[in-house]
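Enquirer: Submitted below is the structure of interest, expressed as structure tokens.
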Protein chains: 2
Amino acid sequence: MVRVADGVEKVLDTILPPAGPGPEGRLAEAMRYVALGSGKRFRPFLVVASADLFGVPEQVSLRVGAAVEMIHAYSLVHDDLPSMDDDAMRRGKPACHVEFGEALAILVGDALLPLAFETLVEPATHPDAAVRGALVSGLAVAAGARGMVGGQVLDLAAEDMDLDAGEIARLERLKTGALIGFCCDAGAILGHAQDAERRALAAYAHDLGLAYQMADDLLDAEGDAATVGKAVHKDAGRGKATFVSALGIEQARAQAARLAQQAAAHLDVFGPRADLLKNVARFVVERGS
Amino acid sequence: MVRVADGVEKVLDTILPPAGPGPEGRLAEAMRYVALGSGKRFRPFLVVASADLFGVPEQVSLRVGAAVEMIHAYSLVHDDLPSMDDDAMRRGKPACHVEFGEALAILVGDALLPLAFETLVEPATHPDAAVRGALVSGLAVAAGARGMVGGQVLDLAAEDMDLDAGEIARLERLKTGALIGFCCDAGAILGHAQDAERRALAAYAHDLGLAYQMADDLLDAEGDAATVGKAVHKDAGRGKATFVSALGIEQARAQAARLAQQAAAHLDVFGPRADLLKNVARFVVERGS
């Protein structure tokens with residue numbers, strides 16, 4: 001995971017425009033502020049590990065991981081805005097709009113989004129234009145109204161509603177699950193996976209995504225801000241429906257563990273090659289405890 | 001121009017998600033609010049007319065025009081936000097954030113952006129994956145930090161500065177010129193243009209983009225809100241540097257006419273096939289007077 005994090009950092013450093021004087025240099029500085037030097041790089045790791053199942057070289061999968069990370073980083077910037085979740089801290093430092101102002105924070109997202117697609121579509125990502133196209137299509141769907149943005153819309157609406165665990169699962173399948181699903185699917189696309197392999201990865205990503213979100217909700221409910229790197233106990237404070245509020249801490253933890261186990265089981269089709277991804281599922285639900 | 005506007009409206013209506021009940025239906029409603037039913041469709045027209053130089057069927061170029069229009073529509077939504085230009089009216093009706101709230105307006109943009117790339121990369125756009133990739137790449141660059149978003153960053157910074165005509169031209173080449181440039185280049189990409197033809201279209205788009213912006217500045221300085229469909233005299237009110245403030249009305253009008261003529265001249269290489277695009281250049285500078 002550390003090696004992938006270092007690798008994706010280097011790729012992002014090459015792709016992002018150089019910071020410098022003047023307004024455009026400042027935009028670049030803000031893009032680098034949100035995309036470099038922090039974050040667990042969980043999503044790029046999933047891309048690399050999924051692609052590795054098919055022997056795809058890391059220099060290929062790291063570029064796709066960097067593109068996903070740009071989408072993820074932009075989504076955090078926009079989510080943190082005052083008119084959205086209004087979070088002042090992110091990854092242990094001031095949120096982008098606190099550091100650079102609201103207008104620039106919006107534009108940082110607006111610049112990272114097309115840069116992700118520009119990155120995917122470059123021949124350096126893959127020699128086959130059809131593969132690059134499939135990646136663009138998959139990321140566009142995952143990032144858009146039928147994916148991440150749709151989930152954020154549901155999430156904003158959920159602040160006034162009392163959602164049950166099923167409704168929260170639907171919300172999270174869009175908000176975080178769609179992008180996690182793309183990460184694993186990107187490995188399958190790059191690796192020209194068989195249909196059964198691709199379905200196995202999709203099932204893994206589905207359960208992993210929910211387990212990941214449950215672990216995140218548990219962290220918010222139980223963690224302290226210094227460790228987590230952002231404000232905690234915010235969900236309860238704003239009366240937001242989460243897996244913890246819907247299921248209680250004990251049941252949410254048990255459910256997350258069950259999902260992680262189930263996620264791992266989907267990968268049996270790959271044999272011991274998939275041990276790394278199976279361990280990731282375990283790691284995800286243990287990070288909070 | 002009317003036929004293209006009708007055609008692009010139909011394509012957008014098919015591509016945009018259906019409005020309906022619930023938060024996602026509301027997001028779709030807002031996306032339709034900003035992308036359908038209004039706008040001059042100037043950019044799609046440029047795509048269709050440029051592609052027509054090479055005999056590209058309209059059902060192909062209209063899809064590309066629709067993708068460009070989604071980028072254009074999103075940019076207006078984000079530009080109008082309170083933390084940006086703070087405009088309450090757009091295309092003769094309340095701006096998106098006034099009608100749907102700020103959070104949803106941000107998300108409308110975040111959803112339209114990937115949808116544009118999803119549209120371009122679909123096989124329905126072009127049978128050749130390499131052509132689709134070139135379109136994705138071109139639109140991503142035009143919409144990003146080296147294009148439209150870079151221009152918007154300069155524009156926001158310009159409110160505190162006294163720019164000369166050269167600096168304004170640089171700003172506008174990014175803010176509006178990059179996307180207009182892509183429209184004409186898309187015709188060349190779809191039509192497998194020769195290098196000289198592609199360069200001629202690029203030169204045309206460059207001069208046309210500047211003429212278009214000068215005409216826009218003249219409209220703001222001289223027009224009335226009812227005709228223009230948005231607030232006017234705003235540039236002077238906020239002390240914003242424009243071609244009109246830098247050159248004066250008379251010189252800006254003369255310069256726009258010169259640029260339009262020059263734009264048309266670049267297309268002589270195409271012979272009478274290019275008469276439509278040449279007329280567009282003329283039309284652009286005459287719309288304000």
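Residue numbering restarts at 1 in every chain; chains get A, B, ... in the order shown in the structure tokens, and ligands count up from 1 in that same order.
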Per residue of segment 77-178 of chain A within 10 Å of segment 21-28 of chain A, record the nearest atom pair and its distance in Å to one decimal, counting only C-alpha atoms, with rows in chain order and ascending residue number, as CSV.
Expert:
```
residue,atom,partner,partner_atom,distance
A:Phe100,CA,A:Arg26,CA,8.7
A:Leu104,CA,A:Leu27,CA,6.8
A:Ala105,CA,A:Leu27,CA,8.8
A:Leu107,CA,A:Leu27,CA,7.8
A:Val108,CA,A:Leu27,CA,6.6
A:Ala111,CA,A:Leu27,CA,8.8
A:Leu112,CA,A:Ala28,CA,9.9
```
Enquirer: What does the file look like for those residues with C-alpha atoms, as a short mmCIF file (atom, residue, chain, number, x, y, z; two decimals), in the first residue's frame?
Expert:
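Final output, saved to result15.cif:
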```
data_model
loop_
_atom_site.label_atom_id
_atom_site.label_comp_id
_atom_site.auth_asym_id
_atom_site.auth_seq_id
_atom_site.Cartn_x
_atom_site.Cartn_y
_atom_site.Cartn_z
CA PHE A 100 -7.77 29.28 -0.87
CA LEU A 104 -10.95 28.82 -6.10
CA ALA A 105 -12.09 25.68 -4.30
CA LEU A 107 -12.58 25.82 -9.65
CA VAL A 108 -10.05 23.34 -8.25
CA ALA A 111 -10.10 21.62 -13.13
CA LEU A 112 -9.36 18.22 -11.55
#
```
Enquirer: Superimpose chain A on chain B so that the squared distances between all in-order C-alpha pairs are minimised, and send the result as an mmCIF file with C-alpha atoms, in the first residue's frame.
Expert:
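Written output follows (superposed_16.cif):
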```cif
data_model
loop_
_atom_site.group_PDB
_atom_site.id
_atom_site.type_symbol
_atom_site.label_atom_id
_atom_site.label_comp_id
_atom_site.auth_asym_id
_atom_site.auth_seq_id
_atom_site.Cartn_x
_atom_site.Cartn_y
_atom_site.Cartn_z
ATOM 1 C CA MET A 1 -28.616 27.653 -36.822
ATOM 2 C CA VAL A 2 -32.227 26.938 -35.831
ATOM 3 C CA ARG A 3 -31.987 23.406 -37.195
ATOM 4 C CA VAL A 4 -28.837 22.752 -35.159
ATOM 5 C CA ALA A 5 -30.468 24.203 -32.049
ATOM 6 C CA ASP A 6 -33.451 21.865 -32.472
ATOM 7 C CA GLY A 7 -31.169 18.923 -33.144
ATOM 8 C CA VAL A 8 -28.945 19.503 -30.133
ATOM 9 C CA GLU A 9 -32.002 19.981 -27.936
ATOM 10 C CA LYS A 10 -33.279 16.544 -28.958
ATOM 11 C CA VAL A 11 -29.909 14.904 -28.338
ATOM 12 C CA LEU A 12 -29.588 16.555 -24.920
ATOM 13 C CA ASP A 13 -33.130 15.515 -24.033
ATOM 14 C CA THR A 14 -32.150 11.895 -24.695
ATOM 15 C CA ILE A 15 -28.847 12.062 -22.849
ATOM 16 C CA LEU A 16 -29.911 13.938 -19.713
ATOM 17 C CA PRO A 17 -31.408 11.823 -16.917
ATOM 18 C CA PRO A 18 -35.204 12.053 -16.506
ATOM 19 C CA ALA A 19 -36.568 14.504 -13.934
ATOM 20 C CA GLY A 20 -38.733 12.881 -11.274
ATOM 21 C CA PRO A 21 -39.537 12.646 -7.573
ATOM 22 C CA GLY A 22 -36.829 12.373 -4.924
ATOM 23 C CA PRO A 23 -33.408 13.998 -4.695
ATOM 24 C CA GLU A 24 -31.988 12.342 -7.831
ATOM 25 C CA GLY A 25 -35.039 13.419 -9.836
ATOM 26 C CA ARG A 26 -34.512 16.914 -8.563
ATOM 27 C CA LEU A 27 -30.861 16.846 -9.663
ATOM 28 C CA ALA A 28 -31.998 15.719 -13.108
ATOM 29 C CA GLU A 29 -34.599 18.508 -13.153
ATOM 30 C CA ALA A 30 -31.887 21.061 -12.393
ATOM 31 C CA MET A 31 -29.589 19.596 -15.072
ATOM 32 C CA ARG A 32 -32.422 19.940 -17.582
ATOM 33 C CA TYR A 33 -33.220 23.439 -16.342
ATOM 34 C CA VAL A 34 -29.752 24.662 -17.252
ATOM 35 C CA ALA A 35 -29.103 22.597 -20.383
ATOM 36 C CA LEU A 36 -32.439 22.565 -22.205
ATOM 37 C CA GLY A 37 -34.779 25.084 -23.819
ATOM 38 C CA SER A 38 -32.526 28.101 -24.025
ATOM 39 C CA GLY A 39 -29.154 29.332 -25.155
ATOM 40 C CA LYS A 40 -28.118 30.226 -28.662
ATOM 41 C CA ARG A 41 -26.373 26.882 -29.171
ATOM 42 C CA PHE A 42 -23.553 28.802 -30.757
ATOM 43 C CA ARG A 43 -20.953 26.195 -29.835
ATOM 44 C CA PRO A 44 -22.866 23.159 -31.148
ATOM 45 C CA PHE A 45 -23.474 25.143 -34.311
ATOM 46 C CA LEU A 46 -19.727 25.602 -34.734
ATOM 47 C CA VAL A 47 -19.155 21.874 -34.282
ATOM 48 C CA VAL A 48 -21.799 20.962 -36.831
ATOM 49 C CA ALA A 49 -20.729 23.577 -39.380
ATOM 50 C CA SER A 50 -17.031 22.672 -39.041
ATOM 51 C CA ALA A 51 -17.771 18.963 -39.350
ATOM 52 C CA ASP A 52 -19.990 19.706 -42.340
ATOM 53 C CA LEU A 53 -16.909 20.992 -44.196
ATOM 54 C CA PHE A 54 -15.787 17.368 -44.318
ATOM 55 C CA GLY A 55 -19.171 15.814 -44.996
ATOM 56 C CA VAL A 56 -19.541 14.423 -41.459
ATOM 57 C CA PRO A 57 -23.179 13.392 -40.835
ATOM 58 C CA GLU A 58 -25.097 15.690 -38.540
ATOM 59 C CA GLN A 59 -26.170 12.910 -36.180
ATOM 60 C CA VAL A 60 -22.487 12.518 -35.329
ATOM 61 C CA SER A 61 -21.584 16.165 -34.947
ATOM 62 C CA LEU A 62 -24.760 16.926 -32.967
ATOM 63 C CA ARG A 63 -23.670 14.492 -30.242
ATOM 64 C CA VAL A 64 -20.334 16.255 -29.965
ATOM 65 C CA GLY A 65 -22.178 19.576 -29.961
ATOM 66 C CA ALA A 66 -24.364 18.317 -27.116
ATOM 67 C CA ALA A 67 -21.271 17.359 -25.112
ATOM 68 C CA VAL A 68 -19.777 20.828 -25.616
ATOM 69 C CA GLU A 69 -23.074 22.413 -24.634
ATOM 70 C CA MET A 70 -23.106 20.459 -21.363
ATOM 71 C CA ILE A 71 -19.652 21.845 -20.551
ATOM 72 C CA HIS A 72 -20.770 25.349 -21.496
ATOM 73 C CA ALA A 73 -23.990 25.072 -19.444
ATOM 74 C CA TYR A 74 -22.136 23.787 -16.375
ATOM 75 C CA SER A 75 -19.615 26.630 -16.625
ATOM 76 C CA LEU A 76 -22.408 29.206 -16.586
ATOM 77 C CA VAL A 77 -23.954 27.565 -13.513
ATOM 78 C CA HIS A 78 -20.688 27.651 -11.572
ATOM 79 C CA ASP A 79 -19.767 31.153 -12.842
ATOM 80 C CA ASP A 80 -23.099 32.493 -11.559
ATOM 81 C CA LEU A 81 -22.571 31.185 -8.001
ATOM 82 C CA PRO A 82 -22.482 33.756 -5.180
ATOM 83 C CA SER A 83 -18.781 33.114 -4.504
ATOM 84 C CA MET A 84 -17.969 33.600 -8.210
ATOM 85 C CA ASP A 85 -19.710 36.254 -10.344
ATOM 86 C CA ASP A 86 -22.861 36.247 -8.175
ATOM 87 C CA ASP A 87 -25.379 36.572 -11.012
ATOM 88 C CA ALA A 88 -29.051 35.987 -10.193
ATOM 89 C CA MET A 89 -30.325 35.825 -13.792
ATOM 90 C CA ARG A 90 -29.216 33.676 -16.712
ATOM 91 C CA ARG A 91 -30.787 33.193 -20.133
ATOM 92 C CA GLY A 92 -33.862 35.181 -19.055
ATOM 93 C CA LYS A 93 -34.654 33.104 -15.996
ATOM 94 C CA PRO A 94 -33.390 32.759 -12.405
ATOM 95 C CA ALA A 95 -29.851 31.354 -12.231
ATOM 96 C CA CYS A 96 -29.594 27.704 -11.184
ATOM 97 C CA HIS A 97 -28.508 28.416 -7.610
ATOM 98 C CA VAL A 98 -31.412 30.875 -7.195
ATOM 99 C CA GLU A 99 -33.907 28.276 -8.419
ATOM 100 C CA PHE A 100 -32.412 25.132 -6.859
ATOM 101 C CA GLY A 101 -30.056 26.302 -4.115
ATOM 102 C CA GLU A 102 -26.314 26.603 -4.074
ATOM 103 C CA ALA A 103 -25.433 23.011 -3.182
ATOM 104 C CA LEU A 104 -27.492 21.561 -6.010
ATOM 105 C CA ALA A 105 -26.101 24.125 -8.444
ATOM 106 C CA ILE A 106 -22.560 22.991 -7.658
ATOM 107 C CA LEU A 107 -23.615 19.371 -8.110
ATOM 108 C CA VAL A 108 -25.395 20.113 -11.396
ATOM 109 C CA GLY A 109 -22.036 21.224 -12.754
ATOM 110 C CA ASP A 110 -20.277 18.245 -11.216
ATOM 111 C CA ALA A 111 -22.777 15.926 -12.939
ATOM 112 C CA LEU A 112 -22.796 17.639 -16.356
ATOM 113 C CA LEU A 113 -19.004 17.541 -16.613
ATOM 114 C CA PRO A 114 -18.536 13.744 -16.604
ATOM 115 C CA LEU A 115 -21.727 13.305 -18.659
ATOM 116 C CA ALA A 116 -20.093 15.288 -21.454
ATOM 117 C CA PHE A 117 -17.146 12.870 -21.537
ATOM 118 C CA GLU A 118 -19.419 9.856 -21.204
ATOM 119 C CA THR A 119 -21.317 11.120 -24.263
ATOM 120 C CA LEU A 120 -18.202 11.641 -26.356
ATOM 121 C CA VAL A 121 -16.765 8.230 -25.600
ATOM 122 C CA GLU A 122 -19.871 6.239 -26.544
ATOM 123 C CA PRO A 123 -19.615 4.293 -29.819
ATOM 124 C CA ALA A 124 -22.719 6.181 -31.047
ATOM 125 C CA THR A 125 -20.521 9.285 -31.321
ATOM 126 C CA HIS A 126 -18.066 7.710 -33.763
ATOM 127 C CA PRO A 127 -17.210 4.127 -34.733
ATOM 128 C CA ASP A 128 -13.449 4.748 -34.351
ATOM 129 C CA ALA A 129 -12.264 4.610 -30.723
ATOM 130 C CA ALA A 130 -9.191 6.704 -31.607
ATOM 131 C CA VAL A 131 -11.431 9.517 -32.895
ATOM 132 C CA ARG A 132 -13.538 9.362 -29.738
ATOM 133 C CA GLY A 133 -10.358 9.499 -27.674
ATOM 134 C CA ALA A 134 -9.114 12.562 -29.544
ATOM 135 C CA LEU A 135 -12.450 14.269 -28.829
ATOM 136 C CA VAL A 136 -12.261 13.416 -25.114
ATOM 137 C CA SER A 137 -8.713 14.701 -24.940
ATOM 138 C CA GLY A 138 -9.517 17.932 -26.779
ATOM 139 C CA LEU A 139 -12.570 18.712 -24.678
ATOM 140 C CA ALA A 140 -10.762 17.871 -21.432
ATOM 141 C CA VAL A 141 -7.932 20.281 -22.234
ATOM 142 C CA ALA A 142 -10.352 23.007 -23.378
ATOM 143 C CA ALA A 143 -12.475 22.658 -20.236
ATOM 144 C CA GLY A 144 -9.630 22.440 -17.730
ATOM 145 C CA ALA A 145 -6.910 24.504 -16.071
ATOM 146 C CA ARG A 146 -5.166 25.198 -19.398
ATOM 147 C CA GLY A 147 -8.495 26.327 -20.876
ATOM 148 C CA MET A 148 -11.849 27.474 -19.561
ATOM 149 C CA VAL A 149 -11.191 27.040 -15.841
ATOM 150 C CA GLY A 150 -7.823 28.775 -16.169
ATOM 151 C CA GLY A 151 -9.627 31.673 -17.840
ATOM 152 C CA GLN A 152 -12.214 31.862 -15.088
ATOM 153 C CA VAL A 153 -9.428 32.016 -12.503
ATOM 154 C CA LEU A 154 -7.854 34.912 -14.414
ATOM 155 C CA ASP A 155 -11.272 36.542 -14.743
ATOM 156 C CA LEU A 156 -11.904 36.431 -10.993
ATOM 157 C CA ALA A 157 -8.462 37.900 -10.328
ATOM 158 C CA ALA A 158 -9.045 40.585 -12.977
ATOM 159 C CA GLU A 159 -11.746 42.252 -10.914
ATOM 160 C CA ASP A 160 -9.062 43.897 -8.838
ATOM 161 C CA MET A 161 -6.735 44.687 -11.714
ATOM 162 C CA ASP A 162 -6.390 47.091 -14.580
ATOM 163 C CA LEU A 163 -5.796 44.830 -17.561
ATOM 164 C CA ASP A 164 -4.807 46.102 -20.984
ATOM 165 C CA ALA A 165 -6.353 44.745 -24.187
ATOM 166 C CA GLY A 166 -3.573 42.183 -24.606
ATOM 167 C CA GLU A 167 -4.074 40.770 -21.136
ATOM 168 C CA ILE A 168 -7.830 40.656 -21.624
ATOM 169 C CA ALA A 169 -7.305 38.839 -24.907
ATOM 170 C CA ARG A 170 -5.183 36.234 -23.127
ATOM 171 C CA LEU A 171 -7.856 35.801 -20.444
ATOM 172 C CA GLU A 172 -10.636 35.427 -23.017
ATOM 173 C CA ARG A 173 -8.625 33.079 -25.195
ATOM 174 C CA LEU A 174 -8.758 30.727 -22.218
ATOM 175 C CA LYS A 175 -12.176 31.494 -20.778
ATOM 176 C CA THR A 176 -14.267 31.406 -23.961
ATOM 177 C CA GLY A 177 -11.704 30.820 -26.704
ATOM 178 C CA ALA A 178 -10.569 27.358 -25.633
ATOM 179 C CA LEU A 179 -14.038 25.827 -25.893
ATOM 180 C CA ILE A 180 -14.787 27.631 -29.173
ATOM 181 C CA GLY A 181 -11.454 26.353 -30.448
ATOM 182 C CA PHE A 182 -12.414 22.803 -29.506
ATOM 183 C CA CYS A 183 -15.733 23.133 -31.376
ATOM 184 C CA CYS A 184 -13.955 23.839 -34.652
ATOM 185 C CA ASP A 185 -11.229 21.302 -33.936
ATOM 186 C CA ALA A 186 -13.903 18.677 -33.266
ATOM 187 C CA GLY A 187 -15.067 19.155 -36.844
ATOM 188 C CA ALA A 188 -11.508 18.597 -38.025
ATOM 189 C CA ILE A 189 -11.101 15.510 -35.827
ATOM 190 C CA LEU A 190 -14.389 13.974 -36.960
ATOM 191 C CA GLY A 191 -13.557 14.785 -40.574
ATOM 192 C CA HIS A 192 -9.980 13.467 -40.538
ATOM 193 C CA ALA A 193 -8.864 16.901 -41.757
ATOM 194 C CA GLN A 194 -5.486 17.562 -43.368
ATOM 195 C CA ASP A 195 -3.030 19.486 -41.191
ATOM 196 C CA ALA A 196 -3.481 22.682 -43.228
ATOM 197 C CA GLU A 197 -7.262 22.439 -42.918
ATOM 198 C CA ARG A 198 -7.025 21.865 -39.196
ATOM 199 C CA ARG A 199 -4.721 24.861 -38.779
ATOM 200 C CA ALA A 200 -7.078 27.042 -40.844
ATOM 201 C CA LEU A 201 -9.977 26.091 -38.583
ATOM 202 C CA ALA A 202 -7.875 26.784 -35.485
ATOM 203 C CA ALA A 203 -6.957 30.240 -36.788
ATOM 204 C CA TYR A 204 -10.612 30.910 -37.611
ATOM 205 C CA ALA A 205 -11.699 29.812 -34.110
ATOM 206 C CA HIS A 206 -9.031 31.989 -32.502
ATOM 207 C CA ASP A 207 -10.170 35.192 -34.202
ATOM 208 C CA LEU A 208 -13.839 34.288 -33.968
ATOM 209 C CA GLY A 209 -13.531 33.695 -30.227
ATOM 210 C CA LEU A 210 -12.045 37.121 -29.613
ATOM 211 C CA ALA A 211 -14.613 38.813 -31.887
ATOM 212 C CA TYR A 212 -17.364 36.954 -30.039
ATOM 213 C CA GLN A 213 -16.112 38.150 -26.670
ATOM 214 C CA MET A 214 -15.779 41.739 -27.854
ATOM 215 C CA ALA A 215 -19.372 41.592 -29.116
ATOM 216 C CA ASP A 216 -20.383 40.219 -25.714
ATOM 217 C CA ASP A 217 -18.636 43.064 -23.906
ATOM 218 C CA LEU A 218 -20.344 45.548 -26.252
ATOM 219 C CA LEU A 219 -23.712 43.959 -25.489
ATOM 220 C CA ASP A 220 -23.067 44.342 -21.763
ATOM 221 C CA ALA A 221 -22.077 47.963 -22.206
ATOM 222 C CA GLU A 222 -24.867 48.932 -24.603
ATOM 223 C CA GLY A 223 -27.642 46.316 -24.402
ATOM 224 C CA ASP A 224 -30.735 46.150 -22.230
ATOM 225 C CA ALA A 225 -31.443 43.243 -19.900
ATOM 226 C CA ALA A 226 -34.694 42.194 -21.599
ATOM 227 C CA THR A 227 -32.958 41.544 -24.923
ATOM 228 C CA VAL A 228 -29.775 40.064 -23.518
ATOM 229 C CA GLY A 229 -31.509 37.764 -21.006
ATOM 230 C CA LYS A 230 -29.157 38.496 -18.131
ATOM 231 C CA ALA A 231 -28.116 41.539 -16.134
ATOM 232 C CA VAL A 232 -26.234 44.126 -18.205
ATOM 233 C CA HIS A 233 -23.893 47.003 -17.333
ATOM 234 C CA LYS A 234 -22.478 44.646 -14.720
ATOM 235 C CA ASP A 235 -18.903 44.814 -15.968
ATOM 236 C CA ALA A 236 -18.650 48.567 -15.399
ATOM 237 C CA GLY A 237 -20.563 48.236 -12.123
ATOM 238 C CA ARG A 238 -17.964 45.885 -10.668
ATOM 239 C CA GLY A 239 -15.069 47.700 -12.272
ATOM 240 C CA LYS A 240 -14.248 44.687 -14.388
ATOM 241 C CA ALA A 241 -11.700 45.079 -17.170
ATOM 242 C CA THR A 242 -13.260 44.245 -20.553
ATOM 243 C CA PHE A 243 -12.412 44.981 -24.166
ATOM 244 C CA VAL A 244 -14.798 47.940 -23.899
ATOM 245 C CA SER A 245 -13.127 49.371 -20.810
ATOM 246 C CA ALA A 246 -9.681 48.848 -22.346
ATOM 247 C CA LEU A 247 -10.406 50.012 -25.911
ATOM 248 C CA GLY A 248 -13.563 52.142 -25.695
ATOM 249 C CA ILE A 249 -16.797 51.307 -27.510
ATOM 250 C CA GLU A 250 -15.816 52.549 -30.955
ATOM 251 C CA GLN A 251 -12.465 50.855 -31.067
ATOM 252 C CA ALA A 252 -13.836 47.624 -29.633
ATOM 253 C CA ARG A 253 -16.498 47.560 -32.336
ATOM 254 C CA ALA A 254 -13.986 48.241 -35.094
ATOM 255 C CA GLN A 255 -11.599 45.627 -33.733
ATOM 256 C CA ALA A 256 -14.372 43.025 -33.524
ATOM 257 C CA ALA A 257 -15.298 43.680 -37.156
ATOM 258 C CA ARG A 258 -11.654 43.369 -38.210
ATOM 259 C CA LEU A 259 -11.273 40.088 -36.334
ATOM 260 C CA ALA A 260 -14.470 38.689 -37.864
ATOM 261 C CA GLN A 261 -13.205 39.529 -41.338
ATOM 262 C CA GLN A 262 -9.839 38.002 -40.570
ATOM 263 C CA ALA A 263 -11.519 34.886 -39.166
ATOM 264 C CA ALA A 264 -13.462 34.437 -42.382
ATOM 265 C CA ALA A 265 -10.350 34.907 -44.508
ATOM 266 C CA HIS A 266 -8.630 31.935 -42.829
ATOM 267 C CA LEU A 267 -11.308 29.700 -44.337
ATOM 268 C CA ASP A 268 -10.609 30.639 -47.958
ATOM 269 C CA VAL A 269 -8.734 27.354 -48.227
ATOM 270 C CA PHE A 270 -12.113 25.570 -48.128
ATOM 271 C CA GLY A 271 -13.694 27.570 -50.960
ATOM 272 C CA PRO A 272 -17.454 28.220 -50.976
ATOM 273 C CA ARG A 273 -18.083 25.231 -48.653
ATOM 274 C CA ALA A 274 -17.043 27.538 -45.798
ATOM 275 C CA ASP A 275 -19.545 30.307 -46.561
ATOM 276 C CA LEU A 276 -21.747 29.346 -43.635
ATOM 277 C CA LEU A 277 -18.895 29.600 -41.113
ATOM 278 C CA LYS A 278 -17.795 32.877 -42.727
ATOM 279 C CA ASN A 279 -21.295 34.273 -42.326
ATOM 280 C CA VAL A 280 -21.296 33.196 -38.696
ATOM 281 C CA ALA A 281 -18.261 35.361 -38.051
ATOM 282 C CA ARG A 282 -20.111 38.302 -39.567
ATOM 283 C CA PHE A 283 -23.280 37.523 -37.609
ATOM 284 C CA VAL A 284 -21.403 37.316 -34.316
ATOM 285 C CA VAL A 285 -20.189 40.905 -34.437
ATOM 286 C CA GLU A 286 -23.493 42.254 -35.765
ATOM 287 C CA ARG A 287 -25.760 40.753 -33.113
ATOM 288 C CA GLY A 288 -25.019 43.556 -30.673
ATOM 289 C CA SER A 289 -25.639 46.498 -32.976
#
```
Enquirer: From a backbone DSSP assignment, name each residue in segment 24-168 of chain B labelled helix (DSSP H, G or I), as an NGL selection string.
Expert: :B and (24-35 or 42-52 or 58-79 or 96-100 or 102-121 or 129-143 or 148-158 or 165-168)
